[in-house]
Amino acid sequence: MLSNAAIIRNGLSSAGPEINNSKCELLIVNNTTSQGRSEIIKAFQVEFPSLSIPAPNLWQLLGSPLHQDSTPPHLETKTKMLGNIIENLELIEPHQAFFILENCLSIPKFIYLLRSAPCFKCKKELEVFDTAIKNNMEKISNVSFGEENWPHASLPIRHAGLGLRSAADLPLPCFLSSSHACKGLVNHLLPSLNPEIPYGDVNDAIDDWCKHHDSSPLEKGTQAVWDDLACRDTLNSLLNTNNPWNHCLLLAAQESHNVVWSEAFQIASVGNLLSPDELRIAIALLTGAKILESSRYRCGKVVDELGLHGLSCTKNAGRFPRHSAINSILKRSLTRIALPSTLEPD
């Protein structure tokens, strides 16, 4: 290895650029005795006097950890950075903050690390990250997510969720799809390995997947396929609940028009920006979270914490403006196509 490093250094020097010794790092991967380790370090320091020797928990390449001890610190750093960024979301409109958190600052900041490192072994750190996302979402939306609501909210939009993906659900789809996608390149670099036999962390990931799922996808190099299969299993487990209300809620949430508001751009001038109360009610109705405290409504009936009674109560004042707006839209539509119509009096 030392001779190869010297050849690379001399070759670069002859071409023009030179290696900066102070930025070189020596990683001793194989288990060696303390005496053998000292000899290796001395030999390299002769050729590269200023190189550094980081501890295994600091090993990384292009931002991805290279050692099993370096993965947890990377996850903790990502979680801390996320917390510092998300604090500023409280300064903008809740609907805009929700959109940014979902599409920019949560899992999208995590995907590279999940694909390049065996993060599925760091369940504690992933739970801390998910808790940070959940707590900040509760601050933004003013909705309290219980243990029965958060699994629903963490599903992707195509599977009746809010799209706030859980970091604990994605490591296996990310890592397995990445490992299968780069299998050809790995076999080209290391032809001595048997391409049909998984090694190391890949084998552990496959075993972990088989413990939680009954089948694996055919297109093993595509992350979306692995993720879709895992989400379907999660959704089926949520549907197989003894609570008929949760069952109906999940079935209704799968209708595509129920969550289109979460994918629209938040432009107030065209009416796409939800107010804080509208966002809170939309999220609570979608996930089955509590909307209000139980109380007695004007009609005399007791309203539960889910707030569903107001949607059908005849004394709900909000029904009349909505009905009038719908009638007005229908009237204008009929007039546009030259069909005679008359609005009935209120």
# chains A, B, ... in the order shown; residues from 1 in each chain; ligands from 1
>>> residues_around(residues="Ala6 of chain A", least_positions_apart="4", cutoff="8 Å", atoms="only C-alpha atoms", output="PyMOL selection string")
chain A and resi 2+10+47
>>> select_by_dssp(residues="segment 254-327 of chain A", states="strand (DSSP E)", output="ChimeraX atom specification")
/A:295-296,302-303
>>> write_last_selection(atoms="C-alpha atoms", output="CSV table (one decimal), in the first residue's frame")
chain,number,residue,atom,x,y,z
A,295,SER,CA,-67.3,19.9,24.7
A,296,ARG,CA,-71.0,20.4,24.1
A,302,VAL,CA,-71.3,16.4,22.8
A,303,VAL,CA,-68.4,16.9,20.4
>>> atom_distance(atom1="atom CA of Gly161 of chain A", atom2="atom CA of Arg232 of chain A")
11.7 Å
>>> residues_around(residues="Leu114 of chain A", least_positions_apart="5", cutoff="8 Å", atoms="only C-alpha atoms", output="PDB file with N, CA and C atoms, in the first residue's frame")
ATOM      1  N   CYS A 119     -27.010   2.282   8.191  1.00  0.00           N
ATOM      2  CA  CYS A 119     -27.674   3.004   9.279  1.00  0.00           C
ATOM      3  C   CYS A 119     -28.757   2.177   9.959  1.00  0.00           C
ATOM      4  N   LEU A 170     -36.600   3.806   6.435  1.00  0.00           N
ATOM      5  CA  LEU A 170     -35.926   3.926   5.139  1.00  0.00           C
ATOM      6  C   LEU A 170     -34.519   3.320   5.041  1.00  0.00           C
ATOM      7  N   PRO A 171     -33.811   3.045   6.132  1.00  0.00           N
ATOM      8  CA  PRO A 171     -32.435   2.546   5.966  1.00  0.00           C
ATOM      9  C   PRO A 171     -32.329   1.279   5.137  1.00  0.00           C
ATOM     10  N   CYS A 174     -33.053   1.970   1.358  1.00  0.00           N
ATOM     11  CA  CYS A 174     -31.965   2.794   0.804  1.00  0.00           C
ATOM     12  C   CYS A 174     -30.684   1.978   0.638  1.00  0.00           C
ATOM     13  N   PHE A 175     -30.291   1.283   1.697  1.00  0.00           N
ATOM     14  CA  PHE A 175     -29.006   0.570   1.676  1.00  0.00           C
ATOM     15  C   PHE A 175     -29.051  -0.627   0.731  1.00  0.00           C
TER      16      PHE A 175
END
>>> select_by_dssp(residues="segment 15-113 of chain A", states="alpha helix (DSSP H)", output="mmCIF file with C-alpha atoms, in the first residue's frame")
data_model
loop_
_atom_site.group_PDB
_atom_site.id
_atom_site.type_symbol
_atom_site.label_atom_id
_atom_site.label_comp_id
_atom_site.auth_asym_id
_atom_site.auth_seq_id
_atom_site.Cartn_x
_atom_site.Cartn_y
_atom_site.Cartn_z
ATOM 1 C CA ALA A 15 2.010 15.876 -14.159
ATOM 2 C CA SER A 34 0.293 -2.428 18.656
ATOM 3 C CA GLN A 35 3.839 -3.064 17.449
ATOM 4 C CA GLY A 36 2.688 -3.704 13.873
ATOM 5 C CA ARG A 37 0.533 -0.584 13.996
ATOM 6 C CA SER A 38 3.493 1.527 15.140
ATOM 7 C CA GLU A 39 5.665 0.181 12.338
ATOM 8 C CA ILE A 40 3.020 0.989 9.732
ATOM 9 C CA ILE A 41 2.647 4.525 11.037
ATOM 10 C CA LYS A 42 6.400 5.151 11.052
ATOM 11 C CA ALA A 43 6.760 3.846 7.491
ATOM 12 C CA PHE A 44 4.033 6.117 6.184
ATOM 13 C CA GLN A 45 5.278 9.144 8.114
ATOM 14 C CA VAL A 46 8.613 8.848 6.344
ATOM 15 C CA GLU A 47 6.927 9.327 2.967
ATOM 16 C CA THR A 71 -21.961 5.773 11.683
ATOM 17 C CA PRO A 72 -23.641 6.804 14.994
ATOM 18 C CA PRO A 73 -21.640 10.080 15.284
ATOM 19 C CA HIS A 74 -22.614 10.962 11.710
ATOM 20 C CA LEU A 75 -26.298 10.402 12.496
ATOM 21 C CA GLU A 76 -26.028 12.482 15.667
ATOM 22 C CA THR A 77 -24.374 15.311 13.746
ATOM 23 C CA LYS A 78 -27.109 15.254 11.105
ATOM 24 C CA THR A 79 -29.796 15.362 13.795
ATOM 25 C CA LYS A 80 -28.141 18.298 15.540
ATOM 26 C CA MET A 81 -27.776 20.238 12.288
ATOM 27 C CA LEU A 82 -31.418 19.572 11.477
ATOM 28 C CA GLY A 83 -32.516 20.920 14.862
ATOM 29 C CA ASN A 84 -30.564 24.145 14.345
ATOM 30 C CA ILE A 85 -32.117 24.702 10.902
ATOM 31 C CA ILE A 86 -35.698 23.818 11.808
ATOM 32 C CA PRO A 94 -47.048 27.115 9.083
ATOM 33 C CA HIS A 95 -48.135 25.797 5.672
ATOM 34 C CA GLN A 96 -44.898 26.975 4.080
ATOM 35 C CA ALA A 97 -42.885 25.591 6.988
ATOM 36 C CA PHE A 98 -44.608 22.209 6.581
ATOM 37 C CA PHE A 99 -43.776 22.112 2.869
ATOM 38 C CA ILE A 100 -40.103 22.976 3.477
ATOM 39 C CA ILE A 111 -30.893 9.984 1.926
ATOM 40 C CA TYR A 112 -27.206 10.038 0.932
ATOM 41 C CA LEU A 113 -26.138 8.805 4.359
#
>>> residues_around(residues="Asn103 of chain A", least_positions_apart="2", cutoff="12 Å", atoms="only C-alpha atoms", output="list in words")
Gln96, Ala97, Phe98, Phe99, Ile100, Leu101, Leu105, Ser106, Ile107, Pro108, Lys109, Phe110, Ile111, Pro156, Ile157, Leu162, Gly163, Leu164, Arg165, Ser262, Glu263, Ala264 and Phe265 of chain A
>>> write_last_selection(atoms="C-alpha atoms", output="short mmCIF file (atom, residue, chain, number, x, y, z; two decimals), in the first residue's frame")
data_model
loop_
_atom_site.label_atom_id
_atom_site.label_comp_id
_atom_site.auth_asym_id
_atom_site.auth_seq_id
_atom_site.Cartn_x
_atom_site.Cartn_y
_atom_site.Cartn_z
CA GLN A 96 -44.90 26.97 4.08
CA ALA A 97 -42.89 25.59 6.99
CA PHE A 98 -44.61 22.21 6.58
CA PHE A 99 -43.78 22.11 2.87
CA ILE A 100 -40.10 22.98 3.48
CA LEU A 101 -39.78 20.45 6.30
CA LEU A 105 -35.06 19.54 5.59
CA SER A 106 -36.03 16.10 6.86
CA ILE A 107 -35.34 12.85 4.99
CA PRO A 108 -34.00 14.57 1.81
CA LYS A 109 -31.03 15.68 3.94
CA PHE A 110 -30.57 12.10 5.08
CA ILE A 111 -30.89 9.98 1.93
CA PRO A 156 -45.68 8.64 1.85
CA ILE A 157 -48.49 10.60 0.25
CA LEU A 162 -48.38 13.15 5.07
CA GLY A 163 -45.04 12.35 3.44
CA LEU A 164 -43.00 13.06 6.59
CA ARG A 165 -40.98 9.89 6.21
CA SER A 262 -49.96 19.06 0.68
CA GLU A 263 -48.33 18.99 -2.77
CA ALA A 264 -49.54 22.41 -3.98
CA PHE A 265 -47.26 25.45 -3.90
#
>>> atom_distance(atom1="atom CA of Leu126 of chain A", atom2="atom CA of Ala167 of chain A")
5.7 Å
>>> closest_residue(among="A:Leu27, A:Ala5, A:Leu172, A:Ala282", to="Ala224 of chain A", atoms="only C-alpha atoms")
A:Leu172
>>> residues_around(residues="His159 of chain A", least_positions_apart="5", cutoff="10 Å", atoms="only C-alpha atoms", output="list in words")
His152, Ala153, Ser154, Asp228, Cys231, Arg232, Thr234, Leu235, Leu250, Leu251, Ala253, Gln254, Glu255 and Ser256 of chain A
>>> atom_distance(atom1="atom CA of Leu306 of chain A", atom2="atom CA of Asn258 of chain A")
17.3 Å
>>> residues_around(residues="Cys24 of chain A", least_positions_apart="4", cutoff="12 Å", atoms="only C-alpha atoms", output="PDB file with C-alpha atoms, in the first residue's frame")
ATOM      1  CA  ALA A   5       0.749   5.639  -2.521  1.00  0.00           C
ATOM      2  CA  ARG A   9       2.292  10.868  -5.464  1.00  0.00           C
ATOM      3  CA  GLU A  18       1.249  17.746  -5.750  1.00  0.00           C
ATOM      4  CA  ILE A  19      -0.338  15.933  -2.810  1.00  0.00           C
ATOM      5  CA  ASN A  20      -0.836  18.050   0.313  1.00  0.00           C
ATOM      6  CA  PHE A  44       4.033   6.117   6.184  1.00  0.00           C
ATOM      7  CA  GLN A  45       5.278   9.144   8.114  1.00  0.00           C
ATOM      8  CA  GLU A  47       6.927   9.327   2.967  1.00  0.00           C
ATOM      9  CA  PHE A  48       4.073  11.580   4.181  1.00  0.00           C
ATOM     10  CA  PRO A  49       5.388  13.485   7.214  1.00  0.00           C
ATOM     11  CA  SER A  50       2.268  15.543   7.998  1.00  0.00           C
ATOM     12  CA  LEU A  51      -0.447  12.937   7.545  1.00  0.00           C
ATOM     13  CA  SER A  52      -3.077  12.513  10.248  1.00  0.00           C
ATOM     14  CA  ILE A  53      -4.300   9.250  11.818  1.00  0.00           C
ATOM     15  CA  PRO A  54      -7.985   9.688  12.758  1.00  0.00           C
TER      16      PRO A  54
END
>>> closest_residue(among="A:Asn30, A:Ser328, A:Thr287, A:Ser64", to="Ser144 of chain A", atoms="only C-alpha atoms")
A:Thr287
>>> closest_residue(among="A:Ala117, A:Cys210, A:Ile337, A:Ala168", to="Trp59 of chain A", atoms="only C-alpha atoms")
A:Ala117
>>> decode(residues="segment 13-29 of chain A", atoms="N, CA and C atoms", output="compact mmCIF listing (two decimals), in the first residue's frame")
# COMPACT_ATOMS: atom_id res chain seq x y z
N SER A 13 3.05 14.40 -9.22
CA SER A 13 4.07 15.45 -9.22
C SER A 13 4.63 15.66 -10.62
N SER A 14 4.81 14.59 -11.36
CA SER A 14 5.34 14.72 -12.72
C SER A 14 4.34 15.39 -13.65
N ALA A 15 3.04 15.27 -13.32
CA ALA A 15 2.01 15.88 -14.16
C ALA A 15 1.72 17.31 -13.77
N GLY A 16 2.18 17.74 -12.59
CA GLY A 16 1.94 19.12 -12.17
C GLY A 16 1.45 19.23 -10.75
N PRO A 17 0.27 18.68 -10.41
CA PRO A 17 -0.24 18.83 -9.04
C PRO A 17 0.54 17.99 -8.04
N GLU A 18 0.56 18.45 -6.81
CA GLU A 18 1.25 17.75 -5.75
C GLU A 18 0.27 17.45 -4.62
N ILE A 19 0.52 16.33 -3.92
CA ILE A 19 -0.34 15.93 -2.81
C ILE A 19 0.00 16.77 -1.59
N ASN A 20 -1.02 17.30 -0.93
CA ASN A 20 -0.84 18.05 0.31
C ASN A 20 -0.78 17.05 1.46
N ASN A 21 0.41 16.86 2.03
CA ASN A 21 0.59 15.86 3.08
C ASN A 21 -0.26 16.13 4.31
N SER A 22 -0.53 17.40 4.61
CA SER A 22 -1.30 17.74 5.81
C SER A 22 -2.76 17.33 5.69
N LYS A 23 -3.22 17.07 4.47
CA LYS A 23 -4.60 16.64 4.28
C LYS A 23 -4.73 15.14 4.05
N CYS A 24 -3.63 14.43 4.15
CA CYS A 24 -3.66 12.97 3.97
C CYS A 24 -4.02 12.30 5.30
N GLU A 25 -4.77 11.23 5.20
CA GLU A 25 -5.17 10.46 6.38
C GLU A 25 -4.78 8.99 6.20
N LEU A 26 -4.33 8.39 7.27
CA LEU A 26 -3.95 6.97 7.26
C LEU A 26 -4.99 6.20 8.06
N LEU A 27 -5.67 5.27 7.39
CA LEU A 27 -6.68 4.43 8.04
C LEU A 27 -6.16 2.99 8.06
N ILE A 28 -5.92 2.47 9.24
CA ILE A 28 -5.43 1.10 9.40
C ILE A 28 -6.64 0.20 9.61
N VAL A 29 -7.06 -0.47 8.56
CA VAL A 29 -8.31 -1.23 8.57
C VAL A 29 -8.12 -2.58 9.23
